[in-house]
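What follows is the content of query_13.pdb, which has PDB, C-alpha atoms and all ligand atoms:
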```
MODEL        1
ATOM      1  CA  MET V  20     253.614  69.997 273.254
ATOM      2  CA  GLU V  21     251.122  72.680 272.247
ATOM      3  CA  ILE V  22     251.535  76.139 270.748
ATOM      4  CA  ARG V  23     248.479  78.362 270.354
ATOM      5  CA  SER V  24     248.193  81.424 268.196
ATOM      6  CA  CYS V  25     245.536  83.747 266.990
ATOM      7  CA  CYS V  26     246.012  83.512 263.278
ATOM      8  CA  THR V  27     246.424  86.444 260.939
ATOM      9  CA  PRO V  28     247.315  84.730 257.690
ATOM     10  CA  GLY V  29     249.914  86.536 255.653
ATOM     11  CA  SER V  30     249.957  87.332 251.984
ATOM     12  CA  PRO V  31     249.249  84.439 249.650
ATOM     13  CA  THR V  32     252.549  82.741 249.004
ATOM     14  CA  SER V  33     252.788  79.909 246.525
ATOM     15  CA  ASP V  34     252.898  76.415 247.960
ATOM     16  CA  ARG V  35     256.202  75.799 246.237
ATOM     17  CA  SER V  36     257.889  78.791 247.918
ATOM     18  CA  GLN V  37     256.617  77.444 251.279
ATOM     19  CA  GLY V  38     258.336  74.168 250.505
ATOM     20  CA  GLN V  39     254.975  72.387 250.332
ATOM     21  CA  ALA V  40     254.540  70.115 247.365
ATOM     22  CA  GLU V  41     251.838  71.183 244.903
ATOM     23  CA  ALA V  42     251.220  67.610 243.842
ATOM     24  CA  ALA V  43     249.630  65.026 246.101
ATOM     25  CA  PRO V  44     252.133  62.389 247.343
ATOM     26  CA  VAL V  45     249.580  59.719 246.336
ATOM     27  CA  PRO V  46     247.098  60.534 243.523
ATOM     28  CA  GLN V  47     243.464  60.899 244.636
ATOM     29  CA  GLU V  48     242.429  58.032 242.330
ATOM     30  CA  GLN V  49     244.558  55.685 244.480
ATOM     31  CA  ILE V  50     243.470  56.984 247.914
ATOM     32  CA  GLY V  51     240.370  54.783 248.220
ATOM     33  CA  ALA V  52     242.350  51.584 247.650
ATOM     34  CA  LEU V  53     245.254  52.762 249.840
ATOM     35  CA  TYR V  54     242.972  53.471 252.800
ATOM     36  CA  ASP V  55     241.012  50.258 252.243
ATOM     37  CA  SER V  56     244.335  48.500 252.892
ATOM     38  CA  LEU V  57     245.211  50.721 255.891
ATOM     39  CA  ALA V  58     241.776  50.493 257.552
ATOM     40  CA  PRO V  59     242.445  47.391 259.732
ATOM     41  CA  ALA V  60     245.447  49.002 261.489
ATOM     42  CA  TYR V  61     244.583  52.686 261.153
ATOM     43  CA  ASP V  62     243.319  53.186 264.710
ATOM     44  CA  VAL V  63     246.646  52.122 266.226
ATOM     45  CA  TRP V  64     248.453  54.874 264.311
ATOM     46  CA  ALA V  65     245.666  57.349 265.068
ATOM     47  CA  PHE V  66     245.813  56.624 268.803
ATOM     48  CA  ALA V  67     249.597  56.950 268.998
ATOM     49  CA  THR V  68     250.097  60.115 266.969
ATOM     50  CA  GLU V  69     246.808  61.994 266.444
ATOM     51  CA  SER V  70     244.486  61.324 269.386
ATOM     52  CA  LYS V  71     245.413  64.442 271.387
ATOM     53  CA  ALA V  72     244.901  66.803 268.442
ATOM     54  CA  ARG V  73     241.615  65.070 267.570
ATOM     55  CA  LYS V  74     240.406  65.453 271.186
ATOM     56  CA  ARG V  75     241.366  69.121 271.274
ATOM     57  CA  ALA V  76     239.650  69.722 267.912
ATOM     58  CA  LEU V  77     236.470  68.269 269.359
ATOM     59  CA  GLU V  78     236.642  70.756 272.257
ATOM     60  CA  LEU V  79     237.219  73.643 269.854
ATOM     61  CA  ALA V  80     234.238  72.525 267.738
ATOM     62  CA  ARG V  81     231.961  73.612 270.627
ATOM     63  CA  ILE V  82     229.147  71.386 269.443
ATOM     64  CA  GLN V  83     225.647  72.489 270.459
ATOM     65  CA  ASP V  84     223.177  69.627 270.452
ATOM     66  CA  GLY V  85     220.722  69.998 267.557
ATOM     67  CA  GLU V  86     223.183  71.175 264.904
ATOM     68  CA  ALA V  87     223.595  69.934 261.339
ATOM     69  CA  ILE V  88     227.131  68.526 261.396
ATOM     70  CA  LEU V  89     229.089  67.167 258.460
ATOM     71  CA  GLU V  90     232.357  65.307 258.855
ATOM     72  CA  VAL V  91     234.248  65.036 255.575
ATOM     73  CA  ALA V  92     236.731  62.122 255.413
ATOM     74  CA  VAL V  93     235.323  60.364 258.483
ATOM     75  CA  GLY V  94     237.863  57.560 258.216
ATOM     76  CA  THR V  95     237.165  54.850 260.804
ATOM     77  CA  GLY V  96     234.746  57.131 262.650
ATOM     78  CA  LEU V  97     236.927  58.035 265.649
ATOM     79  CA  MET V  98     235.713  61.644 265.579
ATOM     80  CA  PHE V  99     232.268  60.838 264.177
ATOM     81  CA  GLU V 100     231.379  58.689 267.175
ATOM     82  CA  GLN V 101     232.253  61.556 269.520
ATOM     83  CA  VAL V 102     230.109  63.879 267.396
ATOM     84  CA  LEU V 103     227.151  61.480 267.750
ATOM     85  CA  ARG V 104     227.576  61.480 271.529
ATOM     86  CA  ARG V 105     227.487  65.296 271.623
ATOM     87  CA  ASN V 106     224.779  65.890 269.011
ATOM     88  CA  PRO V 107     222.088  63.254 269.730
ATOM     89  CA  HIS V 108     219.242  65.584 268.700
ATOM     90  CA  GLY V 109     220.945  66.969 265.620
ATOM     91  CA  LYS V 110     221.622  65.739 262.114
ATOM     92  CA  ASN V 111     224.978  64.033 261.621
ATOM     93  CA  MET V 112     226.490  63.251 258.244
ATOM     94  CA  GLY V 113     229.796  61.730 257.253
ATOM     95  CA  ILE V 114     231.460  60.844 253.974
ATOM     96  CA  ASP V 115     234.696  59.197 252.930
ATOM     97  CA  LEU V 116     236.337  57.928 249.746
ATOM     98  CA  SER V 117     237.380  54.578 251.208
ATOM     99  CA  GLU V 118     234.857  51.776 251.645
ATOM    100  CA  GLY V 119     237.175  50.020 254.109
ATOM    101  CA  MET V 120     237.445  53.068 256.373
ATOM    102  CA  LEU V 121     233.725  53.737 256.052
ATOM    103  CA  ALA V 122     232.856  50.160 257.066
ATOM    104  CA  LYS V 123     234.747  50.710 260.334
ATOM    105  CA  ALA V 124     232.970  54.037 260.853
ATOM    106  CA  LYS V 125     229.586  52.373 260.318
ATOM    107  CA  GLU V 126     230.438  49.692 262.856
ATOM    108  CA  ARG V 127     231.371  52.352 265.440
ATOM    109  CA  ALA V 128     228.314  54.497 264.741
ATOM    110  CA  SER V 129     225.932  51.542 264.975
ATOM    111  CA  LYS V 130     226.180  51.801 268.787
ATOM    112  CA  HIS V 131     224.193  55.031 268.439
ATOM    113  CA  ALA V 132     221.247  53.682 266.467
ATOM    114  CA  LYS V 133     218.786  56.183 267.982
ATOM    115  CA  VAL V 134     220.743  59.185 266.729
ATOM    116  CA  ASP V 135     220.016  60.695 263.300
ATOM    117  CA  TYR V 136     223.116  59.967 261.217
ATOM    118  CA  GLU V 137     224.113  58.990 257.709
ATOM    119  CA  LEU V 138     227.469  57.671 256.514
ATOM    120  CA  SER V 139     228.130  57.402 252.797
ATOM    121  CA  LEU V 140     230.801  57.158 250.142
ATOM    122  CA  GLY V 141     231.637  60.549 248.681
ATOM    123  CA  SER V 142     234.357  63.034 247.876
ATOM    124  CA  ALA V 143     235.250  66.361 249.432
ATOM    125  CA  LEU V 144     235.691  67.652 245.896
ATOM    126  CA  ASP V 145     232.001  67.239 245.088
ATOM    127  CA  LEU V 146     229.987  67.252 248.305
ATOM    128  CA  PRO V 147     226.548  65.666 247.934
ATOM    129  CA  PHE V 148     224.897  68.259 250.204
ATOM    130  CA  GLN V 149     222.799  71.358 249.654
ATOM    131  CA  SER V 150     224.344  74.805 249.758
ATOM    132  CA  GLU V 151     224.221  76.584 253.132
ATOM    133  CA  SER V 152     222.826  73.506 254.917
ATOM    134  CA  ILE V 153     225.608  72.777 257.453
ATOM    135  CA  ASP V 154     226.258  74.428 260.847
ATOM    136  CA  LEU V 155     229.580  72.752 261.572
ATOM    137  CA  LEU V 156     231.999  70.977 259.234
ATOM    138  CA  ILE V 157     234.775  68.844 260.703
ATOM    139  CA  ASN V 158     237.672  67.526 258.649
ATOM    140  CA  THR V 159     240.744  65.818 260.069
ATOM    141  CA  TYR V 160     243.902  64.680 258.288
ATOM    142  CA  MET V 161     242.614  64.995 254.719
ATOM    143  CA  PHE V 162     244.112  68.196 253.278
ATOM    144  CA  ASP V 163     247.558  66.757 253.987
ATOM    145  CA  LEU V 164     246.774  64.205 251.258
ATOM    146  CA  LEU V 165     245.528  66.652 248.609
ATOM    147  CA  SER V 166     247.231  68.551 245.808
ATOM    148  CA  ALA V 167     247.035  72.346 245.879
ATOM    149  CA  GLU V 168     244.404  72.236 243.143
ATOM    150  CA  ASP V 169     242.206  69.727 245.009
ATOM    151  CA  THR V 170     242.681  71.686 248.232
ATOM    152  CA  ALA V 171     241.211  74.773 246.564
ATOM    153  CA  GLU V 172     238.337  72.715 245.186
ATOM    154  CA  ALA V 173     237.526  71.139 248.562
ATOM    155  CA  LEU V 174     237.689  74.495 250.378
ATOM    156  CA  GLY V 175     235.292  75.895 247.774
ATOM    157  CA  GLU V 176     232.906  73.034 248.506
ATOM    158  CA  PHE V 177     233.242  73.579 252.279
ATOM    159  CA  ALA V 178     232.353  77.261 251.799
ATOM    160  CA  ARG V 179     229.371  76.334 249.622
ATOM    161  CA  VAL V 180     227.693  73.842 252.007
ATOM    162  CA  LEU V 181     228.288  75.872 255.173
ATOM    163  CA  ARG V 182     225.547  78.283 256.223
ATOM    164  CA  PRO V 183     226.555  81.896 256.934
ATOM    165  CA  GLY V 184     227.925  81.944 260.474
ATOM    166  CA  GLY V 185     228.794  78.232 260.223
ATOM    167  CA  ARG V 186     232.124  76.909 261.561
ATOM    168  CA  ILE V 187     234.850  74.626 260.302
ATOM    169  CA  VAL V 188     237.393  72.714 262.364
ATOM    170  CA  LEU V 189     240.345  71.289 260.451
ATOM    171  CA  VAL V 190     243.233  69.156 261.660
ATOM    172  CA  ASN V 191     246.185  68.249 259.469
ATOM    173  CA  MET V 192     249.729  67.022 259.567
ATOM    174  CA  ALA V 193     251.758  70.214 260.013
ATOM    175  CA  ARG V 194     255.281  71.040 259.011
ATOM    176  CA  GLY V 195     257.424  69.992 261.976
ATOM    177  CA  ARG V 196     258.702  72.765 264.233
ATOM    178  CA  THR V 197     261.393  70.710 265.942
ATOM    179  CA  PRO V 198     264.260  68.828 264.278
ATOM    180  CA  MET V 199     262.897  65.435 265.346
ATOM    181  CA  SER V 200     259.347  66.187 264.199
ATOM    182  CA  ARG V 201     260.760  66.956 260.747
ATOM    183  CA  LEU V 202     261.612  63.268 260.577
ATOM    184  CA  TYR V 203     258.032  62.710 259.402
ATOM    185  CA  GLU V 204     258.590  65.119 256.508
ATOM    186  CA  HIS V 205     261.547  63.015 255.408
ATOM    187  CA  ILE V 206     259.540  59.815 255.656
ATOM    188  CA  SER V 207     256.719  61.330 253.606
ATOM    189  CA  ARG V 208     259.219  62.265 250.894
ATOM    190  CA  TRP V 209     261.111  58.952 250.862
ATOM    191  CA  SER V 210     258.113  56.691 251.176
ATOM    192  CA  PRO V 211     254.765  58.529 250.877
ATOM    193  CA  ARG V 212     252.636  55.412 251.351
ATOM    194  CA  THR V 213     254.272  54.642 254.716
ATOM    195  CA  LEU V 214     252.521  57.772 256.027
ATOM    196  CA  GLY V 215     249.301  57.064 254.132
ATOM    197  CA  GLY V 216     250.174  59.712 251.537
ATOM    198  CA  CYS V 217     250.241  62.648 253.953
ATOM    199  CA  ARG V 218     252.808  65.428 254.348
ATOM    200  CA  GLY V 219     252.941  68.655 256.329
ATOM    201  CA  VAL V 220     250.619  71.382 255.044
ATOM    202  CA  GLU V 221     249.549  74.902 256.012
ATOM    203  CA  VAL V 222     245.845  75.237 255.330
ATOM    204  CA  ALA V 223     245.041  78.267 257.542
ATOM    205  CA  ARG V 224     246.575  80.794 255.181
ATOM    206  CA  LYS V 225     244.406  79.519 252.317
ATOM    207  CA  LEU V 226     241.094  79.946 254.129
ATOM    208  CA  PRO V 227     240.621  83.707 253.651
ATOM    209  CA  HIS V 228     240.796  83.187 249.862
ATOM    210  CA  HIS V 229     237.635  81.092 250.210
ATOM    211  CA  GLY V 230     235.815  83.635 252.358
ATOM    212  CA  PHE V 231     236.587  82.120 255.773
ATOM    213  CA  ALA V 232     237.606  84.124 258.824
ATOM    214  CA  VAL V 233     240.257  82.195 260.746
ATOM    215  CA  ASP V 234     239.714  82.215 264.516
ATOM    216  CA  GLU V 235     242.572  80.187 265.898
ATOM    217  CA  THR V 236     245.394  77.836 265.047
ATOM    218  CA  GLU V 237     247.115  75.429 267.421
ATOM    219  CA  TYR V 238     250.214  73.317 266.867
ATOM    220  CA  HIS V 239     250.456  69.957 268.661
ATOM    221  CA  GLN V 240     253.060  67.199 268.686
ATOM    222  CA  GLN V 241     252.373  63.627 269.737
ATOM    223  CA  CYS V 242     255.101  60.989 269.398
ATOM    224  CA  LEU V 243     256.858  63.788 267.461
ATOM    225  CA  PHE V 244     254.076  63.768 264.851
ATOM    226  CA  PRO V 245     253.196  67.424 264.123
ATOM    227  CA  SER V 246     249.549  68.461 263.773
ATOM    228  CA  GLU V 247     247.844  71.796 263.252
ATOM    229  CA  ILE V 248     244.271  72.561 264.322
ATOM    230  CA  VAL V 249     242.503  75.436 262.595
ATOM    231  CA  THR V 250     239.109  76.858 263.503
ATOM    232  CA  ALA V 251     237.352  79.291 261.171
ATOM    233  CA  ARG V 252     233.926  80.731 260.325
ATOM    234  CA  LYS V 253     231.973  81.655 257.246
ATOM    235  CA  PRO V 254     230.970  85.265 258.016
ATOM    236  CA  GLU V 255     227.210  86.042 258.356
TER     237      GLU V 255
HETATM  238  C1  LIG V 301     244.501  59.980 257.342
HETATM  239  S1  LIG V 301     242.861  59.398 257.122
HETATM  240  C2  LIG V 301     241.981  60.373 258.345
HETATM  241  C3  LIG V 301     240.672  59.769 258.728
HETATM  242  C4  LIG V 301     239.899  60.518 259.825
HETATM  243  N1  LIG V 301     239.524  61.831 259.392
HETATM  244  C5  LIG V 301     240.713  60.576 261.074
HETATM  245  O1  LIG V 301     241.207  61.646 261.438
HETATM  246  O2  LIG V 301     240.880  59.531 261.730
HETATM  247  C6  LIG V 301     242.440  60.196 255.617
HETATM  248  C7  LIG V 301     241.043  59.889 255.152
HETATM  249  O3  LIG V 301     240.685  60.817 254.138
HETATM  250  C8  LIG V 301     239.914  60.142 253.162
HETATM  251  N2  LIG V 301     239.942  60.973 251.947
HETATM  252  C9  LIG V 301     241.011  61.323 251.198
HETATM  253  N3  LIG V 301     240.645  62.116 250.185
HETATM  254  C10 LIG V 301     239.305  62.292 250.312
HETATM  255  C11 LIG V 301     238.330  63.015 249.575
HETATM  256  N4  LIG V 301     238.658  63.721 248.500
HETATM  257  N5  LIG V 301     237.049  62.976 249.973
HETATM  258  C12 LIG V 301     236.678  62.249 251.068
HETATM  259  N6  LIG V 301     237.551  61.541 251.811
HETATM  260  C13 LIG V 301     238.849  61.558 251.427
HETATM  261  C14 LIG V 301     240.605  58.795 253.057
HETATM  262  O4  LIG V 301     239.807  57.829 252.439
HETATM  263  C15 LIG V 301     240.892  58.501 254.526
HETATM  264  O5  LIG V 301     239.818  57.822 255.143
ENDMDL
END
```
What is this structure when it is put down as structure tokens?
Amino acid sequence: MEIRSCCTPGSPTSDRSQGQAEAAPVPQEQIGALYDSLAPAYDVWAFATESKARKRALELARIQDGEAILEVAVGTGLMFEQVLRRNPHGKNMGIDLSEGMLAKAKERASKHAKVDYELSLGSALDLPFQSESIDLLINTYMFDLLSAEDTAEALGEFARVLRPGGRIVLVNMARGRTPMSRLYEHISRWSPRTLGGCRGVEVARKLPHHGFAVDETEYHQQCLFPSEIVTARKPE
């Protein structure tokens, strides 16, 4: 199931009035350890519920070989490996908070030894990259783990490292649009760790407050799991 829309974000409404929790379901300080424990089985979940949205996000990224591409929260490297395939003459960087997830990403990326890439531990809240140095920033299923405060901080960092005219592609757990897809919302409330600390979020409407122009949003459901893809640009 896919719904596309050209996005004109509305007035800034508080997260609470949107029904979206301000606080993170799992505190950031515990995310590294949580994902270290989830790393061995993560790809099974990712294949069953997120693979279609991830594939579509890759198409929407419209990678041109030779770009400087940063993936924040690379996880096990499912997306990063596809980026390496499409950007063999560019510069490819990835960071994540979890050593366990990063180890998997390094294993995947090692098949592309001739490509210029670097994978390191790091946080979206304090990106270890120069301002205006990135052409394309990809980030999948991370904002759905963050508090409203950390979301604002990470978006500020994304805006800082992106060059004028640079693009971002975000994918996140969305708020379900069908009764059955809302099941995941209930699970995230009852047992946040079962869903790796994620819950449905709406990031698109926050982007203009950080200077981004939103191009498109798409809603996807896979095994009832609701995802939203957002593409946006930092104006020239
Ligand atoms: C649900 S997984 C998604 C992984 C990958 N992006 C994917 O789509 O397969 C969430 C990832 O975000 C990472 N993460 C959470 N908060 C982060 C932060 N502040 N900075 C960098 N990575 C973070 C976690 O360690 C974990 O690997």
Neighbourhood of ligand LIG 301 (chain V) at 9 Å, counting all atoms listed in the file, reported as a PDB file with C-alpha atoms, in the frame of the given file:
```pdb
ATOM      1  CA  GLN V  47     243.464  60.899 244.636  1.00  0.00           C
ATOM      2  CA  ILE V  50     243.470  56.984 247.914  1.00  0.00           C
ATOM      3  CA  GLY V  51     240.370  54.783 248.220  1.00  0.00           C
ATOM      4  CA  ALA V  52     242.350  51.584 247.650  1.00  0.00           C
ATOM      5  CA  LEU V  53     245.254  52.762 249.840  1.00  0.00           C
ATOM      6  CA  TYR V  54     242.972  53.471 252.800  1.00  0.00           C
ATOM      7  CA  ASP V  55     241.012  50.258 252.243  1.00  0.00           C
ATOM      8  CA  LEU V  57     245.211  50.721 255.891  1.00  0.00           C
ATOM      9  CA  ALA V  58     241.776  50.493 257.552  1.00  0.00           C
ATOM     10  CA  TYR V  61     244.583  52.686 261.153  1.00  0.00           C
ATOM     11  CA  ASP V  62     243.319  53.186 264.710  1.00  0.00           C
ATOM     12  CA  ALA V  65     245.666  57.349 265.068  1.00  0.00           C
ATOM     13  CA  GLU V  69     246.808  61.994 266.444  1.00  0.00           C
ATOM     14  CA  SER V  70     244.486  61.324 269.386  1.00  0.00           C
ATOM     15  CA  ARG V  73     241.615  65.070 267.570  1.00  0.00           C
ATOM     16  CA  GLU V  90     232.357  65.307 258.855  1.00  0.00           C
ATOM     17  CA  VAL V  91     234.248  65.036 255.575  1.00  0.00           C
ATOM     18  CA  ALA V  92     236.731  62.122 255.413  1.00  0.00           C
ATOM     19  CA  VAL V  93     235.323  60.364 258.483  1.00  0.00           C
ATOM     20  CA  GLY V  94     237.863  57.560 258.216  1.00  0.00           C
ATOM     21  CA  THR V  95     237.165  54.850 260.804  1.00  0.00           C
ATOM     22  CA  GLY V  96     234.746  57.131 262.650  1.00  0.00           C
ATOM     23  CA  LEU V  97     236.927  58.035 265.649  1.00  0.00           C
ATOM     24  CA  MET V  98     235.713  61.644 265.579  1.00  0.00           C
ATOM     25  CA  PHE V  99     232.268  60.838 264.177  1.00  0.00           C
ATOM     26  CA  ILE V 114     231.460  60.844 253.974  1.00  0.00           C
ATOM     27  CA  ASP V 115     234.696  59.197 252.930  1.00  0.00           C
ATOM     28  CA  LEU V 116     236.337  57.928 249.746  1.00  0.00           C
ATOM     29  CA  SER V 117     237.380  54.578 251.208  1.00  0.00           C
ATOM     30  CA  GLU V 118     234.857  51.776 251.645  1.00  0.00           C
ATOM     31  CA  GLY V 119     237.175  50.020 254.109  1.00  0.00           C
ATOM     32  CA  MET V 120     237.445  53.068 256.373  1.00  0.00           C
ATOM     33  CA  LEU V 121     233.725  53.737 256.052  1.00  0.00           C
ATOM     34  CA  LEU V 140     230.801  57.158 250.142  1.00  0.00           C
ATOM     35  CA  GLY V 141     231.637  60.549 248.681  1.00  0.00           C
ATOM     36  CA  SER V 142     234.357  63.034 247.876  1.00  0.00           C
ATOM     37  CA  ALA V 143     235.250  66.361 249.432  1.00  0.00           C
ATOM     38  CA  LEU V 144     235.691  67.652 245.896  1.00  0.00           C
ATOM     39  CA  ASP V 145     232.001  67.239 245.088  1.00  0.00           C
ATOM     40  CA  LEU V 146     229.987  67.252 248.305  1.00  0.00           C
ATOM     41  CA  ILE V 157     234.775  68.844 260.703  1.00  0.00           C
ATOM     42  CA  ASN V 158     237.672  67.526 258.649  1.00  0.00           C
ATOM     43  CA  THR V 159     240.744  65.818 260.069  1.00  0.00           C
ATOM     44  CA  TYR V 160     243.902  64.680 258.288  1.00  0.00           C
ATOM     45  CA  MET V 161     242.614  64.995 254.719  1.00  0.00           C
ATOM     46  CA  PHE V 162     244.112  68.196 253.278  1.00  0.00           C
ATOM     47  CA  ASP V 163     247.558  66.757 253.987  1.00  0.00           C
ATOM     48  CA  LEU V 164     246.774  64.205 251.258  1.00  0.00           C
ATOM     49  CA  LEU V 165     245.528  66.652 248.609  1.00  0.00           C
ATOM     50  CA  ASP V 169     242.206  69.727 245.009  1.00  0.00           C
ATOM     51  CA  THR V 170     242.681  71.686 248.232  1.00  0.00           C
ATOM     52  CA  ALA V 173     237.526  71.139 248.562  1.00  0.00           C
ATOM     53  CA  VAL V 190     243.233  69.156 261.660  1.00  0.00           C
ATOM     54  CA  ASN V 191     246.185  68.249 259.469  1.00  0.00           C
ATOM     55  CA  LEU V 214     252.521  57.772 256.027  1.00  0.00           C
ATOM     56  CA  GLY V 215     249.301  57.064 254.132  1.00  0.00           C
ATOM     57  CA  GLY V 216     250.174  59.712 251.537  1.00  0.00           C
ATOM     58  CA  CYS V 217     250.241  62.648 253.953  1.00  0.00           C
TER      59      CYS V 217
END
```
Taking the file as shown, what set of residues would the PyMOL selection byres (((chain V and resi 102) around 10) and not hetatm) give back, as an mmCIF file with C-alpha atoms, in the frame of the given file?
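Result saved to result-v4.cif:
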```cif
data_model
loop_
_atom_site.group_PDB
_atom_site.id
_atom_site.type_symbol
_atom_site.label_atom_id
_atom_site.label_comp_id
_atom_site.auth_asym_id
_atom_site.auth_seq_id
_atom_site.Cartn_x
_atom_site.Cartn_y
_atom_site.Cartn_z
ATOM 1 C CA LEU V 77 236.470 68.269 269.359
ATOM 2 C CA ALA V 80 234.238 72.525 267.738
ATOM 3 C CA ILE V 82 229.147 71.386 269.443
ATOM 4 C CA ASP V 84 223.177 69.627 270.452
ATOM 5 C CA ILE V 88 227.131 68.526 261.396
ATOM 6 C CA LEU V 89 229.089 67.167 258.460
ATOM 7 C CA GLU V 90 232.357 65.307 258.855
ATOM 8 C CA GLY V 96 234.746 57.131 262.650
ATOM 9 C CA LEU V 97 236.927 58.035 265.649
ATOM 10 C CA MET V 98 235.713 61.644 265.579
ATOM 11 C CA PHE V 99 232.268 60.838 264.177
ATOM 12 C CA GLU V 100 231.379 58.689 267.175
ATOM 13 C CA GLN V 101 232.253 61.556 269.520
ATOM 14 C CA LEU V 103 227.151 61.480 267.750
ATOM 15 C CA ARG V 104 227.576 61.480 271.529
ATOM 16 C CA ARG V 105 227.487 65.296 271.623
ATOM 17 C CA ASN V 106 224.779 65.890 269.011
ATOM 18 C CA PRO V 107 222.088 63.254 269.730
ATOM 19 C CA GLY V 109 220.945 66.969 265.620
ATOM 20 C CA ASN V 111 224.978 64.033 261.621
ATOM 21 C CA MET V 112 226.490 63.251 258.244
ATOM 22 C CA ALA V 128 228.314 54.497 264.741
ATOM 23 C CA ILE V 157 234.775 68.844 260.703
#
```
Problem - Residue with smallest distance to Glu168 of chain V - pool V:Glu255, V:Arg208, V:Lys225, V:Val180, counting all atoms listed in the file - result: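 Of the candidates, the smallest distance to Glu168 of chain V is held by V:Lys225.
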Handout entry: Distance criterion (all atoms listed in the file): nearest to Val222 of chain V out of V:Met199, V:Val188, V:His239, V:Gln83
Key =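 Answer, going by the shortest atom-to-atom distance: V:Val188.
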Handout entry: From V:Ala124, V:Leu155, V:Ala167, V:Ile206, residue lying nearest Ala251 of chain V [only C-alpha atoms]
Key =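 Comparing V:Ala124, V:Leu155, V:Ala167, V:Ile206 against Ala251 of chain V, the winner is V:Leu155.
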Handout entry: Cut-off 7 Å around (233.3, 77.2, 255.5) with all atoms listed in the file: residues as a PyMOL selection string
Key = chain V and resi 177-178+181+185-187+231+252-253
Exercise for the section: I need the residue set behind the PyMOL selection byres (((chain V and resi 200-205) around 12) and not hetatm) for this file; please write it as a ChimeraX atom specification. Expected result: /V:20,38-40,44,68,163,192-199,206-211,213-220,238-246
Just C-alpha atoms for this one: save the residues we selected as an mmCIF file, in the coordinates of the input.
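Result went into selection.cif, see below:
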```cif
data_model
loop_
_atom_site.group_PDB
_atom_site.id
_atom_site.type_symbol
_atom_site.label_atom_id
_atom_site.label_comp_id
_atom_site.auth_asym_id
_atom_site.auth_seq_id
_atom_site.Cartn_x
_atom_site.Cartn_y
_atom_site.Cartn_z
ATOM 1 C CA MET V 20 253.614 69.997 273.254
ATOM 2 C CA GLY V 38 258.336 74.168 250.505
ATOM 3 C CA GLN V 39 254.975 72.387 250.332
ATOM 4 C CA ALA V 40 254.540 70.115 247.365
ATOM 5 C CA PRO V 44 252.133 62.389 247.343
ATOM 6 C CA THR V 68 250.097 60.115 266.969
ATOM 7 C CA ASP V 163 247.558 66.757 253.987
ATOM 8 C CA MET V 192 249.729 67.022 259.567
ATOM 9 C CA ALA V 193 251.758 70.214 260.013
ATOM 10 C CA ARG V 194 255.281 71.040 259.011
ATOM 11 C CA GLY V 195 257.424 69.992 261.976
ATOM 12 C CA ARG V 196 258.702 72.765 264.233
ATOM 13 C CA THR V 197 261.393 70.710 265.942
ATOM 14 C CA PRO V 198 264.260 68.828 264.278
ATOM 15 C CA MET V 199 262.897 65.435 265.346
ATOM 16 C CA ILE V 206 259.540 59.815 255.656
ATOM 17 C CA SER V 207 256.719 61.330 253.606
ATOM 18 C CA ARG V 208 259.219 62.265 250.894
ATOM 19 C CA TRP V 209 261.111 58.952 250.862
ATOM 20 C CA SER V 210 258.113 56.691 251.176
ATOM 21 C CA PRO V 211 254.765 58.529 250.877
ATOM 22 C CA THR V 213 254.272 54.642 254.716
ATOM 23 C CA LEU V 214 252.521 57.772 256.027
ATOM 24 C CA GLY V 215 249.301 57.064 254.132
ATOM 25 C CA GLY V 216 250.174 59.712 251.537
ATOM 26 C CA CYS V 217 250.241 62.648 253.953
ATOM 27 C CA ARG V 218 252.808 65.428 254.348
ATOM 28 C CA GLY V 219 252.941 68.655 256.329
ATOM 29 C CA VAL V 220 250.619 71.382 255.044
ATOM 30 C CA TYR V 238 250.214 73.317 266.867
ATOM 31 C CA HIS V 239 250.456 69.957 268.661
ATOM 32 C CA GLN V 240 253.060 67.199 268.686
ATOM 33 C CA GLN V 241 252.373 63.627 269.737
ATOM 34 C CA CYS V 242 255.101 60.989 269.398
ATOM 35 C CA LEU V 243 256.858 63.788 267.461
ATOM 36 C CA PHE V 244 254.076 63.768 264.851
ATOM 37 C CA PRO V 245 253.196 67.424 264.123
ATOM 38 C CA SER V 246 249.549 68.461 263.773
#
```
Practice task
Work out how far atom CA of Ala232 of chain V is from atom CA of Thr250 of chain V, in Å to one decimal.
Solution key: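 Answer for the atom CA of Thr250 of chain V to atom CA of Ala232 of chain V separation: 8.8 Å.
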Problem - Length of the atom CA of Lys110 of chain V to atom CA of Lys125 of chain V vector [Å] - result: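 Distance between the two atoms: 15.7 Å.
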Problem - atom CA of Lys71 of chain V to atom CA of His131 of chain V, straight-line distance in Å - result: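 If I compute the distance from atom CA of His131 of chain V to atom CA of Lys71 of chain V, I get 23.4 Å.
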